[in-house]
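Asks: I am attaching a structure below and will ask some questions about it afterwards.
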Amino acid sequence: MRTNDAKITIENGITFFVDAAIVAIPLGVLKSNTITFEPRLPKWKEEAIADLGVGIENKIILHFEKVYWQNVEFLGIVTDTSYRCSYFLNLHKATCHPVLVYKPTGKLARDIEKMLMRLQLGMLLHSLKRFFQMLPPR
């Protein structure tokens, strides 16, 4: 083995020797220090990883009888605070099904997780009414 080759050992103990390795893992896994790098990553990289934060983004899928919104991929909600900023992903454009995916982030996403489903639905219908100036058809 040349000294600049990469050695990768996986869970079951099998080892691979390769010319180079690209490591693409979730930030949370990288921050948990469950992966060992030999030699260690440079200190500046370890510090950069430690300084990065992870956020939360949830999905709530809404299926309608028919499409009543614009035929665009994203429908953004911008408010006076970042708390309620979120967006709807229009799946109709790609699937031809009348489906919106609501994507809340941050504290709003955490708060929605704690709500009863009927309260989540009420909040989403209120947002849609404000966004489109009408409620979805029933």
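All residue names refer to the structure tokens as shown: chains lettered A, B, ... in order, residues numbered from 1 in each chain, ligands numbered from 1 in order.
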Find the residues near Asp5 of chain A: any atom within 8 Å, counting only C-alpha atoms, skip ones fewer than 6 places away on the same chain, and give them as a ChimeraX atom specification.
Replies: /A:17-20
Asks: Would you return as number ranges by chain the members of chain A that DSSP assigns to strand (DSSP E) on this structure's backbone?
Replies: A: 6-9, 15-18, 60-63, 74-77, 86-90, 99-103
Asks: Residues at most 8 Å from Val67 of chain A, counting only C-alpha atoms, excluding those fewer than 5 positions away in the same chain, as a VMD selection string?
Replies: chain A and resid 92 98 to 99
Asks: When you look at Ile56 of chain A with a cut-off of 12 Å (counting only C-alpha atoms), what residues show up, excluding the ones that are within fewer than 5 positions of it in the same chain? I need them as a list of chain:residue names.
Replies: A:Gly28, A:Ser86, A:Lys103, A:Pro104, A:Thr105, A:Gly106, A:Lys107, A:Leu108, A:Ala109, A:Arg110, A:Asp111, A:Ile112, A:Glu113
Asks: Can you pull out every residue within 8 Å of Cys85 of chain A, counting only C-alpha atoms, but drop anything in the same chain fewer than 3 positions away, and send it as a PyMOL selection string?
Replies: chain A and resi 76-79+81-82+104-105
Asks: Would you work out the distance separating atom CA of Asn12 of chain A from atom CA of Leu30 of chain A, expressed in Å to one decimal?
Replies: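 Atom-to-atom, atom CA of Asn12 of chain A and atom CA of Leu30 of chain A are spaced 19.7 Å apart.
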Asks: Counting only C-alpha atoms, which residue out of A:Leu100, A:Leu125, A:Leu27, A:Ala6 sits closest to Gly53 of chain A?
Replies: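 Of the candidates, the smallest distance to Gly53 of chain A is held by A:Leu27.
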Asks: Please measure the separation of atom CA of Thr9 of chain A and atom CA of Val29 of chain A, giving the value in Å to one decimal.
Replies: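 Result for atom CA of Thr9 of chain A versus atom CA of Val29 of chain A: 16.7 Å, one decimal.
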Asks: Please measure the separation of atom CA of Glu65 of chain A and atom CA of Met117 of chain A, giving the value in Å to one decimal.
Replies: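 These two atoms are separated by 19.7 Å.
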Asks: I'd like to know which of A:Leu52, A:Ile60, A:Leu75, A:Cys96 is closest to Leu124 of chain A, using only C-alpha atoms.
Replies: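 Between A:Leu52, A:Ile60, A:Leu75, A:Cys96, the residue approaching Leu124 of chain A most closely is A:Ile60.
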Asks: May I have the residues within 12 Å of segment 32-39 of chain A as a ChimeraX atom specification, using only C-alpha atoms and disregarding those fewer than 4 positions away in the same chain?
Replies: /A:3-11,21,23-28,43,45-46,49-50
Asks: Could you pull out the residues in segment 48-117 of chain A that DSSP calls helix (DSSP H, G or I) from the backbone, as a list in words?
Replies: Ala48, Ile49, Ala50, Asp51, Ser82, Tyr83, Arg84, His92, Lys93, Ala94, Thr95, Gly106, Lys107, Leu108, Ala109, Arg110, Asp111, Ile112, Glu113 and Met117 of chain A
Asks: Write the residues you've just listed into a file as a PDB file, in the first residue's frame, and include N, CA and C atoms for each of them.
Replies:
ATOM      1  N   ALA A  48     -14.689  23.674  12.396  1.00  0.00           N
ATOM      2  CA  ALA A  48     -15.763  24.086  11.483  1.00  0.00           C
ATOM      3  C   ALA A  48     -16.964  23.154  11.619  1.00  0.00           C
ATOM      4  N   ILE A  49     -16.710  21.853  11.713  1.00  0.00           N
ATOM      5  CA  ILE A  49     -17.797  20.880  11.890  1.00  0.00           C
ATOM      6  C   ILE A  49     -18.511  21.130  13.212  1.00  0.00           C
ATOM      7  N   ALA A  50     -17.744  21.374  14.269  1.00  0.00           N
ATOM      8  CA  ALA A  50     -18.339  21.621  15.590  1.00  0.00           C
ATOM      9  C   ALA A  50     -19.198  22.883  15.583  1.00  0.00           C
ATOM     10  N   ASP A  51     -18.799  23.882  14.803  1.00  0.00           N
ATOM     11  CA  ASP A  51     -19.527  25.156  14.766  1.00  0.00           C
ATOM     12  C   ASP A  51     -20.795  25.114  13.916  1.00  0.00           C
ATOM     13  N   SER A  82     -39.318  35.519  11.145  1.00  0.00           N
ATOM     14  CA  SER A  82     -38.874  34.271  10.522  1.00  0.00           C
ATOM     15  C   SER A  82     -39.647  33.070  11.053  1.00  0.00           C
ATOM     16  N   TYR A  83     -40.352  33.240  12.171  1.00  0.00           N
ATOM     17  CA  TYR A  83     -41.063  32.120  12.796  1.00  0.00           C
ATOM     18  C   TYR A  83     -42.059  31.471  11.843  1.00  0.00           C
ATOM     19  N   ARG A  84     -42.834  32.244  11.113  1.00  0.00           N
ATOM     20  CA  ARG A  84     -43.876  31.677  10.248  1.00  0.00           C
ATOM     21  C   ARG A  84     -43.454  31.544   8.783  1.00  0.00           C
ATOM     22  N   HIS A  92     -48.146  18.704  -7.884  1.00  0.00           N
ATOM     23  CA  HIS A  92     -48.972  18.549  -9.082  1.00  0.00           C
ATOM     24  C   HIS A  92     -48.143  18.755 -10.342  1.00  0.00           C
ATOM     25  N   LYS A  93     -47.240  19.688 -10.285  1.00  0.00           N
ATOM     26  CA  LYS A  93     -46.406  20.000 -11.453  1.00  0.00           C
ATOM     27  C   LYS A  93     -45.623  18.769 -11.919  1.00  0.00           C
ATOM     28  N   ALA A  94     -45.175  17.930 -10.983  1.00  0.00           N
ATOM     29  CA  ALA A  94     -44.367  16.757 -11.337  1.00  0.00           C
ATOM     30  C   ALA A  94     -45.172  15.469 -11.444  1.00  0.00           C
ATOM     31  N   THR A  95     -46.285  15.360 -10.689  1.00  0.00           N
ATOM     32  CA  THR A  95     -46.998  14.079 -10.600  1.00  0.00           C
ATOM     33  C   THR A  95     -48.394  14.087 -11.213  1.00  0.00           C
ATOM     34  N   GLY A 106     -37.517  25.174  11.622  1.00  0.00           N
ATOM     35  CA  GLY A 106     -37.158  25.796  12.889  1.00  0.00           C
ATOM     36  C   GLY A 106     -38.164  25.595  14.002  1.00  0.00           C
ATOM     37  N   LYS A 107     -38.357  26.648  14.799  1.00  0.00           N
ATOM     38  CA  LYS A 107     -39.252  26.582  15.957  1.00  0.00           C
ATOM     39  C   LYS A 107     -40.685  26.280  15.534  1.00  0.00           C
ATOM     40  N   LEU A 108     -41.114  26.833  14.408  1.00  0.00           N
ATOM     41  CA  LEU A 108     -42.460  26.549  13.912  1.00  0.00           C
ATOM     42  C   LEU A 108     -42.632  25.046  13.681  1.00  0.00           C
ATOM     43  N   ALA A 109     -41.647  24.399  13.067  1.00  0.00           N
ATOM     44  CA  ALA A 109     -41.725  22.953  12.819  1.00  0.00           C
ATOM     45  C   ALA A 109     -41.840  22.192  14.138  1.00  0.00           C
ATOM     46  N   ARG A 110     -41.066  22.596  15.132  1.00  0.00           N
ATOM     47  CA  ARG A 110     -41.135  21.927  16.446  1.00  0.00           C
ATOM     48  C   ARG A 110     -42.501  22.149  17.098  1.00  0.00           C
ATOM     49  N   ASP A 111     -43.021  23.367  16.993  1.00  0.00           N
ATOM     50  CA  ASP A 111     -44.331  23.657  17.584  1.00  0.00           C
ATOM     51  C   ASP A 111     -45.436  22.856  16.898  1.00  0.00           C
ATOM     52  N   ILE A 112     -45.362  22.731  15.584  1.00  0.00           N
ATOM     53  CA  ILE A 112     -46.371  21.974  14.839  1.00  0.00           C
ATOM     54  C   ILE A 112     -46.336  20.500  15.234  1.00  0.00           C
ATOM     55  N   GLU A 113     -45.139  19.968  15.489  1.00  0.00           N
ATOM     56  CA  GLU A 113     -45.018  18.565  15.915  1.00  0.00           C
ATOM     57  C   GLU A 113     -45.830  18.285  17.173  1.00  0.00           C
ATOM     58  N   MET A 117     -53.453  16.775  15.277  1.00  0.00           N
ATOM     59  CA  MET A 117     -53.553  16.816  13.817  1.00  0.00           C
ATOM     60  C   MET A 117     -54.631  17.785  13.339  1.00  0.00           C
TER      61      MET A 117
END
Asks: What's around Trp69 of chain A at 9 Å? Count only C-alpha atoms, leave out sequence neighbours fewer than 2 positions away in its own chain, and write the answer as a ChimeraX atom specification.
Replies: /A:67,71-72,90,132,136
Asks: Would you write out those residues with N, CA and C atoms, as a short mmCIF file (atom, residue, chain, number, x, y, z; two decimals), in the first residue's frame?
Replies:
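Here's the written file result.cif:
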data_model
loop_
_atom_site.label_atom_id
_atom_site.label_comp_id
_atom_site.auth_asym_id
_atom_site.auth_seq_id
_atom_site.Cartn_x
_atom_site.Cartn_y
_atom_site.Cartn_z
N VAL A 67 -56.76 20.84 -8.16
CA VAL A 67 -55.79 21.92 -8.02
C VAL A 67 -56.52 23.25 -8.05
N ASN A 71 -49.67 27.06 -11.00
CA ASN A 71 -48.85 25.94 -11.45
C ASN A 71 -47.36 26.30 -11.38
N VAL A 72 -46.88 26.51 -10.16
CA VAL A 72 -45.47 26.78 -9.91
C VAL A 72 -44.95 25.73 -8.94
N ASN A 90 -45.30 22.24 -4.63
CA ASN A 90 -46.40 21.82 -5.49
C ASN A 90 -46.02 20.53 -6.21
N PHE A 132 -54.03 32.29 -0.76
CA PHE A 132 -54.81 32.27 -2.00
C PHE A 132 -56.07 33.12 -1.94
N PRO A 136 -59.53 26.03 0.25
CA PRO A 136 -59.57 24.99 -0.78
C PRO A 136 -60.99 24.51 -1.00
#
